[in-house]
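Here the structure is laid out as structure tokens; the discussion comes afterwards.
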Amino acid sequence: MSAAVVSNIPGGSPLVEIKGVHKAFGGVHAVEDVSLNLYPGEVVAVLGHNGAGKSTLMKMLAGAYPIDSGEVRISGTPAKIDSPADSQNLGIETIYQTLALADNLDSVANLFLGRELMTRWGTLDDNAMEVAARDTFHKLNPNFKNIRVPVRSLSGGQRQVVAISRALYFNAKILIMDEPCAALGPEETRMVHELVRRLKAGGVGIFLISHDMPDVFGLSERLTVMKNGKTVGTYRTADVNEDEVLGMIIAGKKVDRARQCPGPVGSIQ
Amino acid sequence: MNSTLQISPLDLRLSLMAGVLAVMAIVFHVFTGQFLTPENLYNIAQQTAVVGIVAAAIALIIVARQIDLSVGSVLGCVGVLIAFLQYSKGWHWVPASLAGLALALLIGLYQGWLTAFLGVPSFVVTLGGLMSFRGAAFLIADGKTQPVTDPIFLALGGGLDGSLGPVISWAVGIVLSALIVWNMLSRRRTQKAHGFPLRPMWFDAALAIGFSVALLIFVATMNAYRLSDKPAGQGIPIPVVIWGVVVMVMAFIVRRTRFGRYVYAIGGNPEAALLVGIPVRRVMLKLFLLLSLLVTIAAVVSVARLNAGTNSMGTSMELYVIAAAVIGGVALSGGSGTVLGSVLGALIIQFLESGLLLMDVSIGNRMVIIGQVLIIAVVFDVLYRRWSGERMA
């Protein structure tokens, strides 16, 4: 339904505007003067070496690290993201590479962790949560039935389903995915790709951190490369090739033959 | 585990422990001929209460990957204050106990804040507390024993007049049994309404009836203990009633509240707990305050039991409390353990103590044996978790 209403072409006003953001740990500049926008219905791939600052940048959006200086606007309004709860309230969902699951709790508890459904007496509404969870898991993987066992005993794909379900159930406007397919088999990777396309069609903006070039070229509209905490460049994915992207990641070399693309994909044509 | 009966490794473990308890009781009875008597069981129930009350809270502290070594000293400190205010200052026992609670909460706030907000390991914070608060217990009344005399207060500690009597005991037993059955039925009803898989009826019924019968046997045993100068049996000792209420409230907190769920989430994966937006520090601080509350309750029961507050009260109780939690299946690595397990753990220790005492085993031998039983429990814990797949080899 939403796919029919919302235009499939990314554009409009930005969902996320990151402007001149800094972050230092001790004396080390993890993120230095980074600016990046995200528009509804687009996937922006964030690339870089380990330690390039991409995860730090995303964790600032997710509320896990406070921003030292710079500004983040969400849907045009300056946002103060001091905690993961703030980030969630702004419609940002984050799927961490570690999945952020409590292994000793079951899938239902993990889906709602931090945002439990409550009865009117202020106690946990386990039944309502189980019903909603069943429904959400079913959309992602109809074979996922053992939802009441601790997640430690689930397969990698099932664990991923639980983590992704959070984004789905809480209607993310903005989704941050950190290496979503790194630990997955081909079947599950396809499931993730399909989901990304579905969310995109529904107008969700997605930041995709990935090392995997097929993921990046298959899913993203734009990509931005970071090195040593700074942005190397932001391009339309269609304008650059794999070698050029690797050149940016490894050598920090800008691509001369393509124009940078800080706005939505349609904006520089 | 078993899919139709929905028996989790945890349930299985608790039933195993209940089995161990039963075997211990029978073995001790065979050797001494007086273990399974109303008098002995009455005393065991009453003696276990203080350790059991604190163990219920320590279980959650350990689940959250923390530890509190200071509980015995805090209990001593708070207990002496409560007795001191009554005996030396002439306070009524209610305000005296509230003052004790205030002191305990202050201590909990201090240690909890250091642990949760400054990130000092709770082992170190409470090791310091173990020393300091034992010293404070001495300072409050200058090391003098503070006798207490208020009959209502003394009843809280059990003893001759501190029990419910047969009529109320039966009433409590019957009401609780009815609750167990009602709870089982209403759970089945909601499960059915939501289309969740149900356990077979016979199994649920057997469990509910089993628990009810065990409860009623307990009540009958307590009622069967009659002091020679009294017309009726004793009934359930009040410390056991308090312990029972504490356990029920704690179990409710664990299963039905956000706070309880967050404690387990933090124990399972502290980093994930932070990332999903759980206020980890606040939860941790609250947990220490909850422990303070239960330590105060235990202090009141102890003072009432001893008819006095002394500065040595609660000495080395931390060891028994932690041992009870660990024997009861609380993993020191965090994230796993139950309140009911702490009850069984506390009972196992008390059964051992009491049984060995009846067998005239000397204090030295008793300590050696109990220490090794603790190790056996941990070895079992490691093997069991490996077997149930909770832990890698």
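Simple scheme: letters A, B, ... for chains in structure tokens order, numbers from 1 for residues in each chain, numbers from 1 for ligands in the order shown.
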
Practice item. Compute the chain B side of the contact with chain A at 6 Å, counting only C-alpha atoms, and hand it back as number ranges by chain. Key: B: 256-257, 265, 268-269, 272, 276-278

Write out the residues from the selection above, keeping N, CA and C atoms, as an mmCIF file, in the first residue's frame.
data_model
loop_
_atom_site.group_PDB
_atom_site.id
_atom_site.type_symbol
_atom_site.label_atom_id
_atom_site.label_comp_id
_atom_site.auth_asym_id
_atom_site.auth_seq_id
_atom_site.Cartn_x
_atom_site.Cartn_y
_atom_site.Cartn_z
ATOM 1 N N ARG B 256 7.126 -10.037 35.930
ATOM 2 C CA ARG B 256 6.049 -9.179 35.456
ATOM 3 C C ARG B 256 6.422 -7.711 35.300
ATOM 4 N N THR B 257 7.608 -7.326 35.720
ATOM 5 C CA THR B 257 7.922 -5.894 35.626
ATOM 6 C C THR B 257 9.081 -5.645 34.679
ATOM 7 N N ALA B 265 18.351 -8.699 31.339
ATOM 8 C CA ALA B 265 18.966 -8.265 30.080
ATOM 9 C C ALA B 265 20.374 -7.741 30.328
ATOM 10 N N GLY B 268 22.591 -10.623 30.894
ATOM 11 C CA GLY B 268 22.833 -11.409 29.686
ATOM 12 C C GLY B 268 23.783 -10.718 28.731
ATOM 13 N N ASN B 269 23.638 -9.418 28.568
ATOM 14 C CA ASN B 269 24.489 -8.684 27.633
ATOM 15 C C ASN B 269 24.425 -7.192 27.970
ATOM 16 N N ALA B 272 24.429 -4.746 24.982
ATOM 17 C CA ALA B 272 23.165 -4.722 24.255
ATOM 18 C C ALA B 272 22.120 -3.956 25.051
ATOM 19 N N VAL B 276 20.024 -0.856 23.349
ATOM 20 C CA VAL B 276 18.586 -0.820 23.084
ATOM 21 C C VAL B 276 17.872 0.227 23.936
ATOM 22 N N GLY B 277 18.630 0.958 24.737
ATOM 23 C CA GLY B 277 18.025 2.075 25.444
ATOM 24 C C GLY B 277 17.582 1.784 26.871
ATOM 25 N N ILE B 278 18.060 0.677 27.449
ATOM 26 C CA ILE B 278 17.738 0.413 28.852
ATOM 27 C C ILE B 278 18.577 1.343 29.731
#

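The gap separating CA of Arg13 (chain B) from CA of Thr338 (chain B) is 10.7 Å, in Å to one decimal.
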
Exercise for review: Find the residues around region 16-28 of chain A up to 7 Å (only C-alpha atoms counted), leave out those fewer than 6 positions away in its own chain, and share them as a ChimeraX atom specification.
Suggested key: /A:34-39,67-75

Point to revise | Nearby residues (only C-alpha atoms) at most 10 Å from Leu85 (chain B), same-chain spacing under 3 positions excluded, as a count of residues only | key: 18

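With only C-alpha atoms taken into account, the protein and nucleic acid residues at most 12 Å from Asn50 (chain A) (excluding it and anything under 2 positions from it in its own chain) are Ala30, Val46, Leu47, Gly48, Ala52, Gly53, Lys54, Ser55, Thr56, Glu179, Ile209, Ser210, His211, Val225, Met226, Lys227, Asn228, Gly229, Ile249 and Ile250 of chain A.
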
Check your understanding: Leaving out Met17 (chain B) and any residue of its chain fewer than 3 positions from it, which residues lie within 10 Å of it when counting only C-alpha atoms, given as a PyMOL selection string?
Key -> chain B and resi 11-14+20-23+327-329+341+344-345+348

Check your understanding: Which of these residues is nearest to Leu168 (chain A), using only C-alpha atoms: A:Glu188, A:Phe144, A:Ala132, A:Asp82?
Key ->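 Using only C-alpha atoms, the shortest distance to Leu168 (chain A) belongs to A:Ala132.
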
**Study point:** Å distance separating CA of Leu156 (chain B) from CA of Ala220 (chain B), one decimal place
**Key:** 21.0 Å

Exercise for review: List every residue of region 45-114 of chain B that DSSP, applied to the backbone of this structure, places in alpha helix (DSSP H), and write the result as a ChimeraX atom specification.
Suggested key: /B:45-63,71-87,93-114

Output the selection as an mmCIF file, in the first residue's frame - C-alpha atoms for each residue.
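As written to disk, again.cif reads:
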data_model
loop_
_atom_site.group_PDB
_atom_site.id
_atom_site.type_symbol
_atom_site.label_atom_id
_atom_site.label_comp_id
_atom_site.auth_asym_id
_atom_site.auth_seq_id
_atom_site.Cartn_x
_atom_site.Cartn_y
_atom_site.Cartn_z
ATOM 1 C CA ALA B 45 12.148 -23.260 58.297
ATOM 2 C CA GLN B 46 12.545 -20.534 60.860
ATOM 3 C CA GLN B 47 16.343 -20.513 60.750
ATOM 4 C CA THR B 48 16.527 -20.408 56.977
ATOM 5 C CA ALA B 49 14.308 -17.348 56.679
ATOM 6 C CA VAL B 50 16.957 -14.678 57.335
ATOM 7 C CA VAL B 51 19.448 -16.094 54.842
ATOM 8 C CA GLY B 52 16.605 -16.848 52.428
ATOM 9 C CA ILE B 53 15.272 -13.287 52.466
ATOM 10 C CA VAL B 54 18.661 -11.807 51.598
ATOM 11 C CA ALA B 55 19.469 -14.599 49.128
ATOM 12 C CA ALA B 56 16.369 -13.725 47.094
ATOM 13 C CA ALA B 57 17.828 -10.261 46.454
ATOM 14 C CA ILE B 58 21.455 -11.375 46.087
ATOM 15 C CA ALA B 59 20.275 -13.754 43.372
ATOM 16 C CA LEU B 60 19.195 -10.740 41.303
ATOM 17 C CA ILE B 61 22.397 -8.840 42.092
ATOM 18 C CA ILE B 62 24.422 -11.774 40.773
ATOM 19 C CA VAL B 63 22.117 -12.116 37.758
ATOM 20 C CA VAL B 71 25.192 -7.758 53.242
ATOM 21 C CA GLY B 72 26.199 -9.419 56.521
ATOM 22 C CA SER B 73 27.851 -6.272 57.834
ATOM 23 C CA VAL B 74 25.025 -4.034 56.680
ATOM 24 C CA LEU B 75 22.572 -6.401 58.356
ATOM 25 C CA GLY B 76 24.597 -6.153 61.569
ATOM 26 C CA CYS B 77 24.840 -2.386 61.355
ATOM 27 C CA VAL B 78 21.151 -1.873 60.614
ATOM 28 C CA GLY B 79 20.097 -4.461 63.199
ATOM 29 C CA VAL B 80 22.138 -2.832 65.942
ATOM 30 C CA LEU B 81 20.685 0.557 65.045
ATOM 31 C CA ILE B 82 17.124 -0.783 65.238
ATOM 32 C CA ALA B 83 17.806 -2.404 68.621
ATOM 33 C CA PHE B 84 19.786 0.588 69.894
ATOM 34 C CA LEU B 85 16.992 3.051 69.100
ATOM 35 C CA GLN B 86 14.502 0.843 70.936
ATOM 36 C CA TYR B 87 16.610 -0.028 73.979
ATOM 37 C CA TRP B 93 9.872 -0.469 67.090
ATOM 38 C CA VAL B 94 8.167 0.951 64.001
ATOM 39 C CA PRO B 95 10.081 4.243 63.756
ATOM 40 C CA ALA B 96 13.221 2.392 64.880
ATOM 41 C CA SER B 97 12.829 -0.059 61.999
ATOM 42 C CA LEU B 98 12.146 2.776 59.566
ATOM 43 C CA ALA B 99 15.321 4.483 60.736
ATOM 44 C CA GLY B 100 17.111 1.195 60.071
ATOM 45 C CA LEU B 101 15.602 1.150 56.597
ATOM 46 C CA ALA B 102 16.757 4.717 55.995
ATOM 47 C CA LEU B 103 20.307 3.755 56.973
ATOM 48 C CA ALA B 104 20.216 0.691 54.721
ATOM 49 C CA LEU B 105 18.939 2.743 51.789
ATOM 50 C CA LEU B 106 21.694 5.302 52.317
ATOM 51 C CA ILE B 107 24.264 2.521 52.253
ATOM 52 C CA GLY B 108 22.620 1.058 49.159
ATOM 53 C CA LEU B 109 22.629 4.473 47.497
ATOM 54 C CA TYR B 110 26.308 4.943 48.298
ATOM 55 C CA GLN B 111 27.475 1.524 47.144
ATOM 56 C CA GLY B 112 25.060 1.418 44.233
ATOM 57 C CA TRP B 113 26.123 4.842 43.023
ATOM 58 C CA LEU B 114 29.814 3.926 43.181
#

Any chance you could list, as a PDB file with N, CA and C atoms, in the first residue's frame, the residues in region 19-258 of chain A that come up strand (DSSP E) when DSSP is run on the backbone?
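In the end it all went to states05.pdb:
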ATOM      1  N   LYS A  19      25.714  17.675   9.909  1.00  0.00           N
ATOM      2  CA  LYS A  19      26.468  18.864   9.473  1.00  0.00           C
ATOM      3  C   LYS A  19      27.684  19.073  10.348  1.00  0.00           C
ATOM      4  N   GLY A  20      28.848  18.902   9.769  1.00  0.00           N
ATOM      5  CA  GLY A  20      30.109  19.213  10.442  1.00  0.00           C
ATOM      6  C   GLY A  20      30.271  18.562  11.798  1.00  0.00           C
ATOM      7  N   VAL A  21      29.998  17.265  11.865  1.00  0.00           N
ATOM      8  CA  VAL A  21      30.015  16.573  13.149  1.00  0.00           C
ATOM      9  C   VAL A  21      31.434  16.126  13.523  1.00  0.00           C
ATOM     10  N   HIS A  22      31.778  16.322  14.784  1.00  0.00           N
ATOM     11  CA  HIS A  22      33.072  15.907  15.330  1.00  0.00           C
ATOM     12  C   HIS A  22      32.882  14.925  16.474  1.00  0.00           C
ATOM     13  N   LYS A  23      33.839  14.021  16.603  1.00  0.00           N
ATOM     14  CA  LYS A  23      33.869  13.162  17.790  1.00  0.00           C
ATOM     15  C   LYS A  23      35.308  12.747  18.060  1.00  0.00           C
ATOM     16  N   ALA A  24      35.747  12.952  19.286  1.00  0.00           N
ATOM     17  CA  ALA A  24      37.097  12.530  19.659  1.00  0.00           C
ATOM     18  C   ALA A  24      37.021  11.636  20.888  1.00  0.00           C
ATOM     19  N   PHE A  25      37.886  10.622  20.908  1.00  0.00           N
ATOM     20  CA  PHE A  25      38.028   9.779  22.107  1.00  0.00           C
ATOM     21  C   PHE A  25      39.413  10.061  22.666  1.00  0.00           C
ATOM     22  N   VAL A  28      42.199  11.174  20.192  1.00  0.00           N
ATOM     23  CA  VAL A  28      42.045  10.627  18.847  1.00  0.00           C
ATOM     24  C   VAL A  28      40.762  11.147  18.207  1.00  0.00           C
ATOM     25  N   HIS A  29      40.893  11.754  17.036  1.00  0.00           N
ATOM     26  CA  HIS A  29      39.712  12.219  16.322  1.00  0.00           C
ATOM     27  C   HIS A  29      39.097  11.055  15.555  1.00  0.00           C
ATOM     28  N   ALA A  30      38.006  10.552  16.065  1.00  0.00           N
ATOM     29  CA  ALA A  30      37.367   9.415  15.404  1.00  0.00           C
ATOM     30  C   ALA A  30      36.537   9.894  14.230  1.00  0.00           C
ATOM     31  N   VAL A  31      35.890  11.043  14.390  1.00  0.00           N
ATOM     32  CA  VAL A  31      35.082  11.621  13.316  1.00  0.00           C
ATOM     33  C   VAL A  31      35.390  13.114  13.275  1.00  0.00           C
ATOM     34  N   GLU A  32      35.743  13.607  12.079  1.00  0.00           N
ATOM     35  CA  GLU A  32      36.164  14.995  11.970  1.00  0.00           C
ATOM     36  C   GLU A  32      35.386  15.692  10.869  1.00  0.00           C
ATOM     37  N   ASP A  33      34.582  16.646  11.231  1.00  0.00           N
ATOM     38  CA  ASP A  33      33.898  17.512  10.286  1.00  0.00           C
ATOM     39  C   ASP A  33      33.207  16.715   9.172  1.00  0.00           C
ATOM     40  N   VAL A  34      32.381  15.789   9.581  1.00  0.00           N
ATOM     41  CA  VAL A  34      31.687  14.965   8.598  1.00  0.00           C
ATOM     42  C   VAL A  34      30.287  15.521   8.348  1.00  0.00           C
ATOM     43  N   SER A  35      29.919  15.633   7.092  1.00  0.00           N
ATOM     44  CA  SER A  35      28.566  16.041   6.722  1.00  0.00           C
ATOM     45  C   SER A  35      27.983  14.996   5.787  1.00  0.00           C
ATOM     46  N   LEU A  36      26.721  14.697   5.998  1.00  0.00           N
ATOM     47  CA  LEU A  36      26.087  13.655   5.182  1.00  0.00           C
ATOM     48  C   LEU A  36      24.577  13.788   5.308  1.00  0.00           C
ATOM     49  N   ASN A  37      23.895  13.637   4.165  1.00  0.00           N
ATOM     50  CA  ASN A  37      22.435  13.694   4.202  1.00  0.00           C
ATOM     51  C   ASN A  37      21.838  12.346   3.829  1.00  0.00           C
ATOM     52  N   LEU A  38      20.614  12.153   4.273  1.00  0.00           N
ATOM     53  CA  LEU A  38      19.885  10.939   3.909  1.00  0.00           C
ATOM     54  C   LEU A  38      18.455  11.345   3.565  1.00  0.00           C
ATOM     55  N   VAL A  43      19.002   4.380  -0.027  1.00  0.00           N
ATOM     56  CA  VAL A  43      20.010   3.689   0.765  1.00  0.00           C
ATOM     57  C   VAL A  43      21.335   4.392   0.513  1.00  0.00           C
ATOM     58  N   VAL A  44      21.961   4.855   1.572  1.00  0.00           N
ATOM     59  CA  VAL A  44      23.290   5.432   1.449  1.00  0.00           C
ATOM     60  C   VAL A  44      24.270   4.457   2.093  1.00  0.00           C
ATOM     61  N   ALA A  45      25.200   3.960   1.288  1.00  0.00           N
ATOM     62  CA  ALA A  45      26.202   3.053   1.829  1.00  0.00           C
ATOM     63  C   ALA A  45      27.311   3.875   2.465  1.00  0.00           C
ATOM     64  N   VAL A  46      27.734   3.466   3.651  1.00  0.00           N
ATOM     65  CA  VAL A  46      28.834   4.144   4.338  1.00  0.00           C
ATOM     66  C   VAL A  46      30.000   3.178   4.363  1.00  0.00           C
ATOM     67  N   LEU A  47      31.099   3.577   3.709  1.00  0.00           N
ATOM     68  CA  LEU A  47      32.222   2.655   3.542  1.00  0.00           C
ATOM     69  C   LEU A  47      33.477   3.206   4.181  1.00  0.00           C
ATOM     70  N   GLY A  48      34.423   2.302   4.382  1.00  0.00           N
ATOM     71  CA  GLY A  48      35.699   2.716   4.948  1.00  0.00           C
ATOM     72  C   GLY A  48      36.352   1.547   5.647  1.00  0.00           C
ATOM     73  N   SER A  69      30.733  18.075  18.640  1.00  0.00           N
ATOM     74  CA  SER A  69      30.267  19.327  18.058  1.00  0.00           C
ATOM     75  C   SER A  69      29.695  19.039  16.684  1.00  0.00           C
ATOM     76  N   GLY A  70      28.990  20.018  16.154  1.00  0.00           N
ATOM     77  CA  GLY A  70      28.294  19.808  14.893  1.00  0.00           C
ATOM     78  C   GLY A  70      26.816  19.651  15.150  1.00  0.00           C
ATOM     79  N   GLU A  71      26.074  19.442  14.068  1.00  0.00           N
ATOM     80  CA  GLU A  71      24.625  19.418  14.227  1.00  0.00           C
ATOM     81  C   GLU A  71      24.022  18.243  13.468  1.00  0.00           C
ATOM     82  N   VAL A  72      22.984  17.684  14.053  1.00  0.00           N
ATOM     83  CA  VAL A  72      22.210  16.670  13.349  1.00  0.00           C
ATOM     84  C   VAL A  72      20.772  17.166  13.280  1.00  0.00           C
ATOM     85  N   ARG A  73      20.211  17.194  12.070  1.00  0.00           N
ATOM     86  CA  ARG A  73      18.809  17.532  11.934  1.00  0.00           C
ATOM     87  C   ARG A  73      18.055  16.305  11.453  1.00  0.00           C
ATOM     88  N   ILE A  74      16.913  16.083  12.067  1.00  0.00           N
ATOM     89  CA  ILE A  74      16.056  14.987  11.634  1.00  0.00           C
ATOM     90  C   ILE A  74      14.781  15.615  11.086  1.00  0.00           C
ATOM     91  N   THR A  77      14.447  19.343  11.696  1.00  0.00           N
ATOM     92  CA  THR A  77      14.501  19.908  13.043  1.00  0.00           C
ATOM     93  C   THR A  77      15.810  19.497  13.718  1.00  0.00           C
ATOM     94  N   PRO A  78      16.498  20.452  14.349  1.00  0.00           N
ATOM     95  CA  PRO A  78      17.724  20.084  15.061  1.00  0.00           C
ATOM     96  C   PRO A  78      17.405  19.052  16.145  1.00  0.00           C
ATOM     97  N   ILE A  92      14.596   6.525  14.602  1.00  0.00           N
ATOM     98  CA  ILE A  92      15.818   5.879  14.116  1.00  0.00           C
ATOM     99  C   ILE A  92      15.929   4.486  14.746  1.00  0.00           C
ATOM    100  N   GLU A  93      16.097   3.475  13.927  1.00  0.00           N
ATOM    101  CA  GLU A  93      16.350   2.132  14.443  1.00  0.00           C
ATOM    102  C   GLU A  93      17.725   1.711  13.964  1.00  0.00           C
ATOM    103  N   THR A  94      18.418   0.993  14.824  1.00  0.00           N
ATOM    104  CA  THR A  94      19.770   0.578  14.476  1.00  0.00           C
ATOM    105  C   THR A  94      19.899  -0.930  14.588  1.00  0.00           C
ATOM    106  N   ILE A  95      20.406  -1.540  13.537  1.00  0.00           N
ATOM    107  CA  ILE A  95      20.714  -2.966  13.611  1.00  0.00           C
ATOM    108  C   ILE A  95      22.223  -3.081  13.697  1.00  0.00           C
ATOM    109  N   ILE A 174      14.093   5.907   9.825  1.00  0.00           N
ATOM    110  CA  ILE A 174      15.496   5.928   9.458  1.00  0.00           C
ATOM    111  C   ILE A 174      16.111   4.644  10.011  1.00  0.00           C
ATOM    112  N   LEU A 175      16.810   3.930   9.144  1.00  0.00           N
ATOM    113  CA  LEU A 175      17.359   2.656   9.585  1.00  0.00           C
ATOM    114  C   LEU A 175      18.864   2.654   9.375  1.00  0.00           C
ATOM    115  N   ILE A 176      19.574   2.248  10.422  1.00  0.00           N
ATOM    116  CA  ILE A 176      21.023   2.116  10.319  1.00  0.00           C
ATOM    117  C   ILE A 176      21.337   0.627  10.375  1.00  0.00           C
ATOM    118  N   MET A 177      21.996   0.122   9.343  1.00  0.00           N
ATOM    119  CA  MET A 177      22.335  -1.304   9.338  1.00  0.00           C
ATOM    120  C   MET A 177      23.848  -1.435   9.291  1.00  0.00           C
ATOM    121  N   ASP A 178      24.390  -2.056  10.330  1.00  0.00           N
ATOM    122  CA  ASP A 178      25.836  -2.235  10.405  1.00  0.00           C
ATOM    123  C   ASP A 178      26.171  -3.657   9.984  1.00  0.00           C
ATOM    124  N   GLY A 205      14.531   5.777   5.015  1.00  0.00           N
ATOM    125  CA  GLY A 205      15.907   6.083   4.621  1.00  0.00           C
ATOM    126  C   GLY A 205      16.848   5.145   5.342  1.00  0.00           C
ATOM    127  N   ILE A 206      17.839   4.616   4.610  1.00  0.00           N
ATOM    128  CA  ILE A 206      18.690   3.587   5.215  1.00  0.00           C
ATOM    129  C   ILE A 206      20.168   3.944   5.067  1.00  0.00           C
ATOM    130  N   PHE A 207      20.886   3.924   6.164  1.00  0.00           N
ATOM    131  CA  PHE A 207      22.341   3.955   6.131  1.00  0.00           C
ATOM    132  C   PHE A 207      22.833   2.521   6.184  1.00  0.00           C
ATOM    133  N   LEU A 208      23.641   2.136   5.241  1.00  0.00           N
ATOM    134  CA  LEU A 208      24.122   0.758   5.195  1.00  0.00           C
ATOM    135  C   LEU A 208      25.636   0.750   5.332  1.00  0.00           C
ATOM    136  N   ILE A 209      26.109   0.283   6.467  1.00  0.00           N
ATOM    137  CA  ILE A 209      27.547   0.112   6.628  1.00  0.00           C
ATOM    138  C   ILE A 209      27.892  -1.262   6.093  1.00  0.00           C
ATOM    139  N   ARG A 222      23.357   5.954  -3.162  1.00  0.00           N
ATOM    140  CA  ARG A 222      24.570   6.762  -3.045  1.00  0.00           C
ATOM    141  C   ARG A 222      25.519   6.058  -2.105  1.00  0.00           C
ATOM    142  N   LEU A 223      26.773   6.478  -2.150  1.00  0.00           N
ATOM    143  CA  LEU A 223      27.715   5.931  -1.182  1.00  0.00           C
ATOM    144  C   LEU A 223      28.646   7.031  -0.722  1.00  0.00           C
ATOM    145  N   THR A 224      29.088   6.898   0.513  1.00  0.00           N
ATOM    146  CA  THR A 224      30.048   7.851   1.049  1.00  0.00           C
ATOM    147  C   THR A 224      31.198   7.060   1.632  1.00  0.00           C
ATOM    148  N   VAL A 225      32.415   7.532   1.403  1.00  0.00           N
ATOM    149  CA  VAL A 225      33.591   6.807   1.886  1.00  0.00           C
ATOM    150  C   VAL A 225      34.280   7.644   2.948  1.00  0.00           C
ATOM    151  N   MET A 226      34.639   7.006   4.036  1.00  0.00           N
ATOM    152  CA  MET A 226      35.359   7.698   5.111  1.00  0.00           C
ATOM    153  C   MET A 226      36.745   7.113   5.267  1.00  0.00           C
ATOM    154  N   LYS A 227      37.673   7.992   5.631  1.00  0.00           N
ATOM    155  CA  LYS A 227      39.028   7.528   5.929  1.00  0.00           C
ATOM    156  C   LYS A 227      39.581   8.413   7.037  1.00  0.00           C
ATOM    157  N   LYS A 230      37.510  11.313   8.347  1.00  0.00           N
ATOM    158  CA  LYS A 230      37.012  12.354   7.436  1.00  0.00           C
ATOM    159  C   LYS A 230      36.299  11.725   6.244  1.00  0.00           C
ATOM    160  N   THR A 231      35.451  12.532   5.603  1.00  0.00           N
ATOM    161  CA  THR A 231      34.786  12.057   4.398  1.00  0.00           C
ATOM    162  C   THR A 231      35.735  12.185   3.216  1.00  0.00           C
ATOM    163  N   VAL A 232      35.880  11.097   2.449  1.00  0.00           N
ATOM    164  CA  VAL A 232      36.660  11.184   1.216  1.00  0.00           C
ATOM    165  C   VAL A 232      35.760  11.746   0.115  1.00  0.00           C
ATOM    166  N   GLY A 233      34.578  11.230   0.006  1.00  0.00           N
ATOM    167  CA  GLY A 233      33.669  11.726  -1.010  1.00  0.00           C
ATOM    168  C   GLY A 233      32.333  11.016  -0.928  1.00  0.00           C
ATOM    169  N   THR A 234      31.304  11.674  -1.497  1.00  0.00           N
ATOM    170  CA  THR A 234      29.976  11.090  -1.535  1.00  0.00           C
ATOM    171  C   THR A 234      29.506  11.100  -2.988  1.00  0.00           C
ATOM    172  N   TYR A 235      29.167   9.954  -3.536  1.00  0.00           N
ATOM    173  CA  TYR A 235      28.860   9.837  -4.962  1.00  0.00           C
ATOM    174  C   TYR A 235      27.572   9.055  -5.153  1.00  0.00           C
ATOM    175  N   ARG A 236      27.011   9.233  -6.390  1.00  0.00           N
ATOM    176  CA  ARG A 236      25.974   8.298  -6.790  1.00  0.00           C
ATOM    177  C   ARG A 236      26.616   6.948  -7.033  1.00  0.00           C
TER     178      ARG A 236
END
